[in-house]
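File shown here: model-v1.cif, holding mmCIF, C-alpha atoms.
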```cif
data_coords
#
loop_
_atom_site.label_atom_id
_atom_site.label_comp_id
_atom_site.auth_asym_id
_atom_site.auth_seq_id
_atom_site.Cartn_x
_atom_site.Cartn_y
_atom_site.Cartn_z
CA MET A 222 0.00 0.00 0.00
CA ALA A 223 1.42 3.39 -0.85
CA SER A 224 2.49 5.45 2.10
CA PHE A 225 0.00 7.93 3.53
CA SER A 226 2.62 10.63 3.86
CA ARG A 227 2.71 12.94 0.91
CA ALA A 228 5.61 15.19 0.08
CA ALA A 229 4.34 18.73 -0.25
CA GLN A 230 5.36 20.65 -3.31
CA VAL A 231 6.24 23.91 -1.56
CA ARG A 232 7.93 24.38 1.82
CA ASN A 233 8.77 28.03 2.13
CA SER A 234 7.83 29.49 5.50
CA PRO A 235 9.60 28.33 8.67
CA TRP A 236 6.27 27.99 10.48
CA ASN A 237 4.37 26.02 7.92
CA SER A 238 1.20 24.82 9.57
CA LEU A 239 -0.18 21.50 8.51
CA CYS A 240 -3.46 22.98 7.33
CA LEU A 241 -1.72 25.13 4.70
CA LEU A 242 0.11 22.33 2.95
CA VAL A 243 -2.14 19.30 3.46
CA SER A 244 -4.82 21.04 1.43
CA GLN A 245 -2.58 20.70 -1.63
CA GLN A 246 -2.90 16.93 -1.48
CA TRP A 247 -6.58 16.31 -2.03
CA ALA A 248 -6.50 12.55 -1.54
CA SER A 249 -4.73 12.59 1.85
CA PHE A 250 -7.93 12.18 3.85
CA SER A 251 -9.72 9.78 1.56
CA LYS A 252 -11.07 6.62 3.14
CA VAL A 253 -9.40 3.33 2.28
CA TRP A 254 -11.25 -0.01 2.49
CA TYR A 255 -9.33 -2.90 4.07
CA LEU A 256 -10.25 -6.59 4.05
CA ILE A 257 -9.35 -8.99 6.88
CA ASP A 258 -10.01 -12.74 6.75
CA ALA A 259 -10.75 -13.95 10.27
CA LYS A 260 -10.73 -17.68 9.50
CA MET A 261 -9.00 -19.61 12.34
CA GLN A 262 -7.75 -16.34 13.85
CA PRO A 263 -8.00 -15.18 17.47
CA PRO A 264 -10.71 -12.48 17.61
CA GLY A 265 -8.64 -10.25 19.89
CA LYS A 266 -5.78 -9.94 17.42
CA ILE A 267 -8.23 -9.26 14.60
CA ALA A 268 -9.83 -6.62 16.80
CA THR A 269 -6.55 -4.77 17.50
CA MET A 270 -5.75 -4.56 13.79
CA CYS A 271 -9.27 -3.32 13.05
CA SER A 272 -9.33 -0.74 15.83
CA VAL A 273 -5.96 0.71 14.77
CA ARG A 274 -7.24 1.21 11.24
CA LEU A 275 -10.67 2.48 12.25
CA GLN A 276 -9.09 5.23 14.34
CA GLY A 277 -6.55 6.11 11.67
CA LYS A 278 -3.59 5.45 13.94
CA HIS A 279 -1.76 3.73 11.10
CA LYS A 280 -1.34 7.05 9.29
CA PRO A 281 1.37 9.63 10.02
CA ILE A 282 -1.29 12.35 9.55
CA TYR A 283 -3.31 10.99 12.48
CA HIS A 284 -5.21 13.36 14.74
CA ALA A 285 -8.14 12.41 16.95
CA LEU A 286 -10.28 15.24 15.58
CA SER A 287 -9.44 14.98 11.90
CA ASP A 288 -11.66 11.95 11.12
CA CYS A 289 -8.94 10.01 9.35
CA GLY A 290 -10.21 6.50 10.06
CA ASP A 291 -10.67 3.93 7.32
CA HIS A 292 -13.25 1.27 6.55
CA VAL A 293 -12.54 -2.32 7.56
CA VAL A 294 -14.38 -5.38 6.25
CA VAL A 295 -13.96 -8.56 8.33
CA VAL A 296 -14.91 -11.79 6.61
CA ASN A 297 -15.43 -15.33 7.99
CA THR A 298 -16.24 -14.16 11.53
CA ARG A 299 -18.11 -17.41 12.03
CA HIS A 300 -14.78 -19.27 11.88
CA ILE A 301 -12.81 -17.37 14.51
CA ALA A 302 -10.74 -19.45 16.91
CA PHE A 303 -10.46 -18.68 20.61
CA SER A 304 -7.41 -20.14 22.34
CA GLY A 305 -7.71 -22.15 25.53
CA ASN A 306 -11.15 -22.91 26.96
CA LYS A 307 -12.57 -19.47 26.23
CA TRP A 308 -15.50 -20.80 24.24
CA GLU A 309 -16.89 -22.22 27.49
CA GLN A 310 -15.26 -19.93 30.05
CA LYS A 311 -15.50 -16.43 28.57
CA VAL A 312 -18.72 -14.77 29.68
CA TYR A 313 -20.46 -11.85 28.02
CA SER A 314 -22.73 -10.00 30.45
CA SER A 315 -25.49 -7.53 29.74
CA HIS A 316 -28.38 -5.94 31.61
CA SER A 317 -31.62 -4.99 29.95
CA GLY A 318 -32.31 -2.19 32.44
CA TYR A 319 -35.32 -3.91 33.94
CA PRO A 320 -35.09 -5.66 37.34
CA GLY A 321 -34.02 -9.25 36.97
CA GLY A 322 -32.66 -8.48 33.52
CA PHE A 323 -29.03 -9.44 34.13
CA LYS A 324 -27.95 -11.93 31.48
CA GLN A 325 -24.70 -13.83 31.28
CA VAL A 326 -23.96 -15.78 28.13
CA THR A 327 -20.91 -17.87 27.30
CA ALA A 328 -18.92 -17.11 24.16
CA ALA A 329 -20.17 -20.31 22.52
CA GLN A 330 -23.83 -19.42 23.09
CA LEU A 331 -23.34 -15.84 21.89
CA HIS A 332 -21.54 -17.08 18.76
CA GLN A 333 -24.38 -19.49 18.08
CA LYS A 334 -26.92 -16.68 18.33
CA ASP A 335 -24.97 -14.07 16.35
CA PRO A 336 -21.71 -15.05 14.61
CA THR A 337 -20.48 -11.45 14.28
CA ALA A 338 -21.13 -10.37 17.88
CA ILE A 339 -17.83 -11.52 19.40
CA VAL A 340 -15.65 -9.61 16.95
CA LYS A 341 -17.96 -6.60 17.16
CA LEU A 342 -17.80 -6.45 20.97
CA ALA A 343 -14.04 -6.96 20.93
CA ILE A 344 -13.52 -4.03 18.56
CA TYR A 345 -16.06 -1.86 20.41
CA GLY A 346 -14.08 -2.34 23.61
CA MET A 347 -10.79 -1.43 21.93
CA LEU A 348 -11.92 1.87 20.45
CA PRO A 349 -11.52 5.08 22.52
CA ARG A 350 -14.52 5.84 24.72
CA ASN A 351 -15.64 9.04 23.04
CA LEU A 352 -18.40 10.18 20.73
CA LEU A 353 -16.46 9.12 17.66
CA ARG A 354 -16.64 5.47 18.67
CA ARG A 355 -20.10 4.97 17.15
CA THR A 356 -19.10 6.50 13.83
CA MET A 357 -16.03 4.26 13.76
CA MET A 358 -18.24 1.23 14.40
CA GLN A 359 -20.41 2.29 11.47
CA ARG A 360 -17.31 2.11 9.29
CA LEU A 361 -16.72 -1.49 10.36
CA HIS A 362 -18.40 -4.17 8.23
CA LEU A 363 -18.62 -7.72 9.55
CA PHE A 364 -19.68 -10.78 7.58
CA PRO A 365 -20.00 -14.27 9.03
CA ASP A 366 -19.00 -16.00 5.77
CA GLU A 367 -17.24 -15.21 2.50
CA VAL A 368 -20.38 -13.64 1.03
CA ILE A 369 -19.87 -9.88 0.60
CA PRO A 370 -22.26 -7.47 -1.15
CA ASP A 371 -21.05 -6.11 -4.49
CA GLU A 372 -20.88 -2.45 -3.42
CA ILE A 373 -18.41 -3.30 -0.67
CA LEU A 374 -16.48 -5.72 -2.86
CA LYS A 375 -15.89 -2.96 -5.39
CA ASN A 376 -14.47 -0.62 -2.74
CA LEU A 377 -11.90 -2.99 -1.29
CA VAL A 378 -8.31 -1.86 -1.73
CA GLU A 379 -6.03 -4.08 0.30
CA GLU A 380 -6.16 -7.36 2.17
CA LEU A 381 -4.25 -7.32 5.44
CA PRO A 382 -2.10 -10.33 6.39
CA GLN A 383 -3.55 -12.63 9.03
CA PRO A 384 -2.09 -12.17 12.51
CA ARG A 385 -1.81 -15.86 13.34
CA LYS A 386 -0.11 -18.49 11.22
CA VAL A 387 -2.67 -21.30 10.92
CA PRO A 388 -1.05 -24.68 11.67
CA ARG A 389 -1.79 -27.61 9.39
CA ARG A 390 -3.90 -30.50 10.60
CA LEU A 391 -2.47 -34.02 10.64
CA ASP A 392 -4.57 -35.06 7.65
CA GLU A 393 -3.19 -32.12 5.63
CA TYR A 394 0.33 -33.60 5.78
CA THR A 395 1.32 -36.00 2.99
CA GLN A 396 2.45 -39.51 3.92
CA GLU A 397 6.01 -38.70 2.72
CA GLU A 398 6.25 -35.73 5.10
CA ILE A 399 5.00 -37.86 7.98
CA ASP A 400 7.57 -40.55 7.22
CA ALA A 401 10.35 -38.01 6.77
CA PHE A 402 9.66 -36.50 10.22
CA PRO A 403 12.42 -37.53 12.66
CA ARG A 404 11.40 -40.06 15.33
CA LEU A 405 12.54 -39.54 18.91
CA TRP A 406 12.22 -43.19 19.96
CA THR A 407 10.80 -46.40 18.53
CA PRO A 408 8.42 -48.24 20.86
CA PRO A 409 9.15 -51.92 21.54
CA GLU A 410 7.03 -54.66 19.94
CA ASP A 411 4.71 -55.30 22.89
CA TYR A 412 4.13 -51.62 23.77
CA ARG A 413 0.43 -50.84 24.00
CA MET A 414 -0.56 -47.33 22.72
CA LYS A 415 -3.83 -46.11 24.15
CA MET B 173 -30.61 82.73 44.15
CA VAL B 174 -27.63 80.94 42.67
CA PHE B 175 -26.20 77.81 44.23
CA LEU B 176 -22.59 78.08 43.27
CA SER B 177 -21.36 75.09 45.26
CA LEU B 178 -24.10 72.71 44.02
CA SER B 179 -21.64 70.79 41.92
CA ARG B 180 -19.50 70.13 44.98
CA TRP B 181 -22.41 68.24 46.65
CA ILE B 182 -22.55 65.58 43.88
CA ARG B 183 -20.42 62.50 44.60
CA SER B 184 -19.08 60.34 41.78
CA ARG B 185 -18.97 56.67 42.74
CA GLY B 186 -16.23 55.79 40.27
CA PRO B 187 -16.52 57.07 36.72
CA ASP B 188 -15.03 54.13 34.83
CA ARG B 189 -17.25 51.12 35.59
CA TYR B 190 -18.38 50.99 31.98
CA TRP B 191 -14.86 50.61 30.69
CA ARG B 192 -13.89 48.00 33.32
CA HIS B 193 -16.87 45.91 32.31
CA ARG B 194 -16.06 46.34 28.61
CA GLU B 195 -12.54 45.04 29.17
CA LEU B 196 -13.87 41.89 30.73
CA LEU B 197 -16.71 41.34 28.27
CA GLN B 198 -14.24 41.49 25.37
CA HIS B 199 -12.85 38.19 26.60
CA ALA B 200 -16.33 36.66 26.78
CA ARG B 201 -17.69 37.60 23.38
CA HIS B 202 -17.32 34.08 21.93
CA PHE B 203 -19.18 32.36 24.79
CA ARG B 204 -22.63 30.87 24.54
CA GLY B 205 -25.66 32.24 26.34
CA ARG B 206 -25.99 35.13 28.77
CA LYS B 207 -22.41 34.87 29.86
CA ASN B 208 -21.32 36.73 26.76
CA ARG B 209 -23.46 39.76 27.69
CA CYS B 210 -23.97 39.98 31.44
CA TYR B 211 -21.08 41.13 33.57
CA SER B 212 -21.61 39.02 36.70
CA LEU B 213 -21.99 35.77 34.75
CA ALA B 214 -19.12 36.66 32.44
CA LEU B 215 -16.84 37.44 35.38
CA ARG B 216 -17.06 33.89 36.73
CA THR B 217 -16.77 32.24 33.36
CA VAL B 218 -13.87 34.36 32.18
CA ARG B 219 -12.00 33.77 35.42
CA ARG B 220 -12.35 30.02 34.90
CA ALA B 221 -11.40 30.33 31.25
CA PHE B 222 -8.15 32.07 32.24
CA GLN B 223 -7.40 29.33 34.77
CA TYR B 224 -7.94 26.67 32.11
CA SER B 225 -5.76 28.62 29.71
CA THR B 226 -2.77 28.76 32.06
CA ARG B 227 -3.16 25.10 33.02
CA ASP B 228 -3.38 24.07 29.38
CA LYS B 229 -0.21 25.96 28.43
CA ARG B 230 1.58 23.16 30.30
CA LEU B 231 -0.69 20.41 28.97
CA LYS B 232 -0.24 21.53 25.36
CA LYS B 233 3.43 20.58 25.42
CA ARG B 234 2.59 17.10 26.73
CA ASN B 235 -0.21 16.55 24.23
CA MET B 236 1.87 17.70 21.29
CA ARG B 237 4.63 15.29 22.26
CA LEU B 238 2.13 12.41 22.51
CA LEU B 239 0.76 13.30 19.08
CA TRP B 240 4.25 13.36 17.57
CA ILE B 241 5.04 10.00 19.11
CA SER B 242 1.89 8.36 17.74
CA ARG B 243 2.57 9.82 14.29
CA ILE B 244 6.17 8.61 14.28
CA ALA B 245 5.01 5.18 15.47
CA ALA B 246 2.50 4.97 12.61
CA ALA B 247 5.08 6.00 10.02
CA SER B 248 7.74 3.61 11.32
CA ARG B 249 5.25 0.74 11.29
CA GLU B 250 4.66 1.50 7.62
CA HIS B 251 8.37 0.81 7.14
CA GLY B 252 8.42 -2.38 9.20
CA LEU B 253 9.86 -0.96 12.45
CA LYS B 254 8.37 -0.16 15.81
CA TYR B 255 8.64 3.22 17.54
CA PRO B 256 10.97 2.18 20.43
CA MET B 257 13.29 0.40 17.97
CA LEU B 258 13.45 3.48 15.76
CA ILE B 259 14.16 5.93 18.56
CA SER B 260 16.72 3.82 20.42
CA ASN B 261 18.64 2.96 17.28
CA LEU B 262 18.64 6.55 16.02
CA VAL B 263 20.03 7.65 19.37
CA LYS B 264 22.72 4.99 19.14
CA CYS B 265 23.66 6.30 15.70
CA GLN B 266 23.98 9.78 17.28
CA VAL B 267 21.12 11.14 15.15
CA GLU B 268 19.72 13.72 17.62
CA LEU B 269 16.45 14.52 15.86
CA ASN B 270 13.63 15.35 18.22
CA ARG B 271 10.12 13.99 17.90
CA LYS B 272 8.71 17.17 16.43
CA VAL B 273 11.13 17.08 13.51
CA LEU B 274 10.71 13.33 13.03
CA ALA B 275 6.93 13.72 12.86
CA ASP B 276 7.21 16.54 10.31
CA LEU B 277 9.62 14.49 8.24
CA ALA B 278 7.29 11.51 8.37
CA ILE B 279 4.48 13.60 6.90
CA TYR B 280 6.25 15.89 4.45
CA GLU B 281 9.52 14.12 3.67
CA PRO B 282 8.60 10.44 3.31
CA LYS B 283 11.77 9.37 1.54
CA THR B 284 13.94 10.94 4.21
CA PHE B 285 11.95 9.14 6.87
CA LYS B 286 12.32 5.88 4.96
CA SER B 287 16.08 6.28 4.91
CA LEU B 288 16.08 7.05 8.65
CA ALA B 289 14.06 3.89 9.26
CA ALA B 290 16.52 1.89 7.15
CA LEU B 291 19.39 3.38 9.15
CA ALA B 292 17.77 2.37 12.41
CA LYS B 293 17.08 -1.13 11.10
CA ARG B 294 20.70 -1.56 10.00
CA ARG B 295 22.02 -0.31 13.31
CA ARG B 296 19.71 -2.73 15.11
CA GLU B 297 21.00 -5.68 13.09
CA GLU B 298 24.57 -4.62 13.76
CA GLY B 299 23.78 -4.44 17.46
CA PHE B 300 22.41 -7.98 17.37
CA SER B 301 25.38 -9.36 15.48
CA ASP B 302 27.70 -7.64 17.92
CA ALA B 303 25.87 -9.05 20.90
CA LEU B 304 25.64 -12.59 19.49
CA GLY B 305 28.74 -12.82 17.26
CA ASP B 306 31.02 -12.22 20.25
CA GLY B 307 33.40 -9.43 19.42
CA ARG B 308 35.01 -9.98 16.08
CA GLU B 309 36.48 -6.86 14.48
CA PRO B 310 34.23 -5.73 11.57
CA THR B 311 31.20 -4.83 13.70
CA GLY B 312 29.70 -2.48 11.20
CA ILE B 313 29.55 0.74 9.29
CA PHE B 314 26.86 2.53 11.25
CA SER B 315 27.70 1.37 14.72
CA ARG B 316 30.56 2.51 16.89
CA ILE B 317 30.56 -0.29 19.35
CA VAL B 318 33.77 -0.08 21.35
CA HIS B 319 35.05 -3.21 23.06
CA SER B 320 37.23 -2.85 26.09
CA GLY B 321 40.41 -4.94 26.10
#
```
As structure tokens:
Amino acid sequence: MASFSRAAQVRNSPWNSLCLLVSQQWASFSKVWYLIDAKMQPPGKIATMCSVRLQGKHKPIYHALSDCGDHVVVVNTRHIAFSGNKWEQKVYSSHSGYPGGFKQVTAAQLHQKDPTAIVKLAIYGMLPRNLLRRTMMQRLHLFPDEVIPDEILKNLVEELPQPRKVPRRLDEYTQEEIDAFPRLWTPPEDYRMK
Amino acid sequence: MVFLSLSRWIRSRGPDRYWRHRELLQHARHFRGRKNRCYSLALRTVRRAFQYSTRDKRLKKRNMRLLWISRIAAASREHGLKYPMLISNLVKCQVELNRKVLADLAIYEPKTFKSLAALAKRRREEGFSDALGDGREPTGIFSRIVHSG
């Protein structure tokens, strides 16, 4: 992706303010559309990448007030992978406001009900707690599978690399690779493997 | 009958209240509501505004430095480095550019910033090879690592 910094054509005064010269580069503040594939990825790492780009912190022209965030499209949110036992142990709590309305749902149940909710809540919690958070969330687009509407597909510019390297399953290795793998010890003839 | 000393019986309670109020209301003209017109309300608000202004003169320096740091971090990540790596290695190369200048370079002089990032990366690799390779002579071009003995 080309760098966001743009060399200005004229630098004459010693106190050049940013507003004078940035206006010469009309595409500096244009929104860029990123694609992230969340298949077999931890949702927290996906969320950090998304939140950095939604705020615009990946640009050297960043300022909190200058609305320099980009759009992010996350695909395959149904296939995210929590590490450890988080699917059963991580609890998402909410309160409806009415008495007796406290609800606690495990990550697995929430994912069953809404496959995009986990990533959405993760990103919502990572954005700064100000009034711009809702607009940044509107620039985030989540899809549970590979199906993306055409309007969004046309806007996409760059796909970001996945944060976690997905390991191969045993059945994805060829028999030659399995045989070529070095053995630490050979079990004796009468050894019983469970 | 003529009262010649009538004027001496009139007391003036301070002739310049109007101008004292004007001076204060000048500072309140951009406020919202009655505090931009009414003296008593403006007095309190302007006093607080001045207190905020002096406090923020100190905060502005901190906030500007934080902004420069986040901008430099973003630009160095574009070039494959992180902010602490960039700064520490530039200091080790005796490049004494402050964060303000680095941030301006990152925005307006991208090729210069790219070369600074490459310099920092090279110095970092030389530091690693010096630490791991255990003190053989050609340590590097950019580093001046001096071994004792």
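Minimum distance to Leu213 in chain B across B:Arg180, B:Lys233, B:Arg227, B:His193 (counting all atoms listed in the file) occurs at B:His193.
Of the listed residues A:Ile369, A:Ile282, A:Ala329, A:Ile344, the one whose atoms come nearest to chain B is A:Ile282, with distances taken using only C-alpha atoms.
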Run through the PyMOL selection byres ((chain B and resi 279) around 7) on the given coordinates and return the selected residues as a short mmCIF file (atom, residue, chain, number, x, y, z; two decimals) with C-alpha atoms, in the coordinates of the input.
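Below is the file that was written, selection34.cif:
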```cif
data_model
loop_
_atom_site.label_atom_id
_atom_site.label_comp_id
_atom_site.auth_asym_id
_atom_site.auth_seq_id
_atom_site.Cartn_x
_atom_site.Cartn_y
_atom_site.Cartn_z
CA SER A 226 2.62 10.63 3.86
CA ARG A 227 2.71 12.94 0.91
CA PRO A 281 1.37 9.63 10.02
CA ILE A 282 -1.29 12.35 9.55
CA ALA B 275 6.93 13.72 12.86
CA ASP B 276 7.21 16.54 10.31
CA LEU B 277 9.62 14.49 8.24
CA ALA B 278 7.29 11.51 8.37
CA TYR B 280 6.25 15.89 4.45
CA GLU B 281 9.52 14.12 3.67
CA PRO B 282 8.60 10.44 3.31
#
```
Query - Residue contacts of Ile241 in chain B (12 Å, all atoms listed in the file) excluding same-chain residues fewer than 2 positions away, as a ChimeraX atom specification - result: /A:278,281-284 /B:234-239,243-248,254-256,258-259,270-276,278
Report task. Would you please work out which residue, of B:Lys286, B:Glu250, B:Leu291, B:Leu304, is nearest to chain A when using all atoms listed in the file? Result ->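 Residue with the minimum atom-to-atom distance to chain A: B:Glu250.
Of note, CA of Leu256 in chain A and CA of Met270 in chain A are spaced 10.9 Å apart.
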First collect every listed atom of range 283-286 of chain B; then fit an axis-aligned box around them, widen it by 3 Å on each side, and give centre and edge lengths in Å to one decimal, as lines of an AutoDock Vina configuration file.
```
center_x = 12.9
center_y = 8.4
center_z = 4.2
size_x = 8.2
size_y = 11.1
size_z = 11.3
```
Requested in this report: Using the chain letters and numbers from the file, give me the residues hit by the PyMOL selection byres ((chain A and resi 311) around 9), as a ChimeraX atom specification.
Outcome: /A:306-310,312-313,326-329
Query - Separation of CA of Thr298 in chain A from CA of Gln262 in chain A, in Å and rounded to one decimal - result: 9.1 Å
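Against this structure, the PyMOL selection byres ((chain A and resi 384) around 10) ends up with Ile257, Asp258, Ala259, Gln262, Pro263, Lys266, Ile267, Thr269, Met270, Leu381, Pro382, Gln383, Arg385, Lys386 and Val387 of chain A.
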**Report entry** Atomic distance CA of Pro388 in chain A - CA of Ala401 in chain A, expressed in Å with one decimal
**Finding:**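 Taking CA of Pro388 in chain A and CA of Ala401 in chain A, their separation equals 18.2 Å.
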Give me range 358-372 of chain A with N, CA, C and O atoms filled in, as an mmCIF file, keeping the file's coordinate frame.
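rebuild-v3.cif, freshly written:
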```
data_model
loop_
_atom_site.group_PDB
_atom_site.id
_atom_site.type_symbol
_atom_site.label_atom_id
_atom_site.label_comp_id
_atom_site.auth_asym_id
_atom_site.auth_seq_id
_atom_site.Cartn_x
_atom_site.Cartn_y
_atom_site.Cartn_z
ATOM 1 N N MET A 358 -17.584 2.535 14.516
ATOM 2 C CA MET A 358 -18.240 1.230 14.400
ATOM 3 C C MET A 358 -19.108 1.171 13.150
ATOM 4 O O MET A 358 -19.282 0.110 12.563
ATOM 5 N N GLN A 359 -19.629 2.316 12.710
ATOM 6 C CA GLN A 359 -20.410 2.290 11.470
ATOM 7 C C GLN A 359 -19.524 2.041 10.266
ATOM 8 O O GLN A 359 -19.999 1.574 9.235
ATOM 9 N N ARG A 360 -18.217 2.365 10.411
ATOM 10 C CA ARG A 360 -17.310 2.110 9.290
ATOM 11 C C ARG A 360 -16.783 0.696 9.296
ATOM 12 O O ARG A 360 -16.014 0.327 8.421
ATOM 13 N N LEU A 361 -17.168 -0.098 10.301
ATOM 14 C CA LEU A 361 -16.720 -1.490 10.360
ATOM 15 C C LEU A 361 -17.806 -2.347 9.728
ATOM 16 O O LEU A 361 -18.985 -2.153 9.991
ATOM 17 N N HIS A 362 -17.421 -3.304 8.875
ATOM 18 C CA HIS A 362 -18.400 -4.170 8.230
ATOM 19 C C HIS A 362 -18.011 -5.609 8.516
ATOM 20 O O HIS A 362 -16.908 -6.031 8.159
ATOM 21 N N LEU A 363 -18.914 -6.350 9.161
ATOM 22 C CA LEU A 363 -18.620 -7.720 9.550
ATOM 23 C C LEU A 363 -19.498 -8.669 8.769
ATOM 24 O O LEU A 363 -20.696 -8.419 8.606
ATOM 25 N N PHE A 364 -18.905 -9.763 8.299
ATOM 26 C CA PHE A 364 -19.680 -10.780 7.580
ATOM 27 C C PHE A 364 -19.313 -12.139 8.126
ATOM 28 O O PHE A 364 -18.143 -12.453 8.261
ATOM 29 N N PRO A 365 -20.316 -12.976 8.437
ATOM 30 C CA PRO A 365 -20.000 -14.270 9.030
ATOM 31 C C PRO A 365 -19.315 -15.230 8.051
ATOM 32 O O PRO A 365 -18.531 -16.063 8.468
ATOM 33 N N ASP A 366 -19.604 -15.079 6.741
ATOM 34 C CA ASP A 366 -19.000 -16.000 5.770
ATOM 35 C C ASP A 366 -18.317 -15.183 4.691
ATOM 36 O O ASP A 366 -18.146 -13.989 4.802
ATOM 37 N N GLU A 367 -17.944 -15.889 3.588
ATOM 38 C CA GLU A 367 -17.240 -15.210 2.500
ATOM 39 C C GLU A 367 -18.142 -14.350 1.646
ATOM 40 O O GLU A 367 -17.662 -13.664 0.749
ATOM 41 N N VAL A 368 -19.446 -14.365 1.911
ATOM 42 C CA VAL A 368 -20.380 -13.640 1.030
ATOM 43 C C VAL A 368 -20.338 -12.154 1.370
ATOM 44 O O VAL A 368 -20.648 -11.755 2.490
ATOM 45 N N ILE A 369 -19.917 -11.336 0.390
ATOM 46 C CA ILE A 369 -19.870 -9.880 0.600
ATOM 47 C C ILE A 369 -20.728 -9.215 -0.461
ATOM 48 O O ILE A 369 -20.699 -9.639 -1.614
ATOM 49 N N PRO A 370 -21.489 -8.177 -0.124
ATOM 50 C CA PRO A 370 -22.260 -7.470 -1.150
ATOM 51 C C PRO A 370 -21.335 -6.808 -2.177
ATOM 52 O O PRO A 370 -20.184 -6.478 -1.890
ATOM 53 N N ASP A 371 -21.889 -6.601 -3.384
ATOM 54 C CA ASP A 371 -21.050 -6.110 -4.490
ATOM 55 C C ASP A 371 -20.514 -4.721 -4.263
ATOM 56 O O ASP A 371 -19.388 -4.406 -4.656
ATOM 57 N N GLU A 372 -21.337 -3.844 -3.613
ATOM 58 C CA GLU A 372 -20.880 -2.450 -3.420
ATOM 59 C C GLU A 372 -19.618 -2.427 -2.577
ATOM 60 O O GLU A 372 -18.707 -1.645 -2.832
#
```
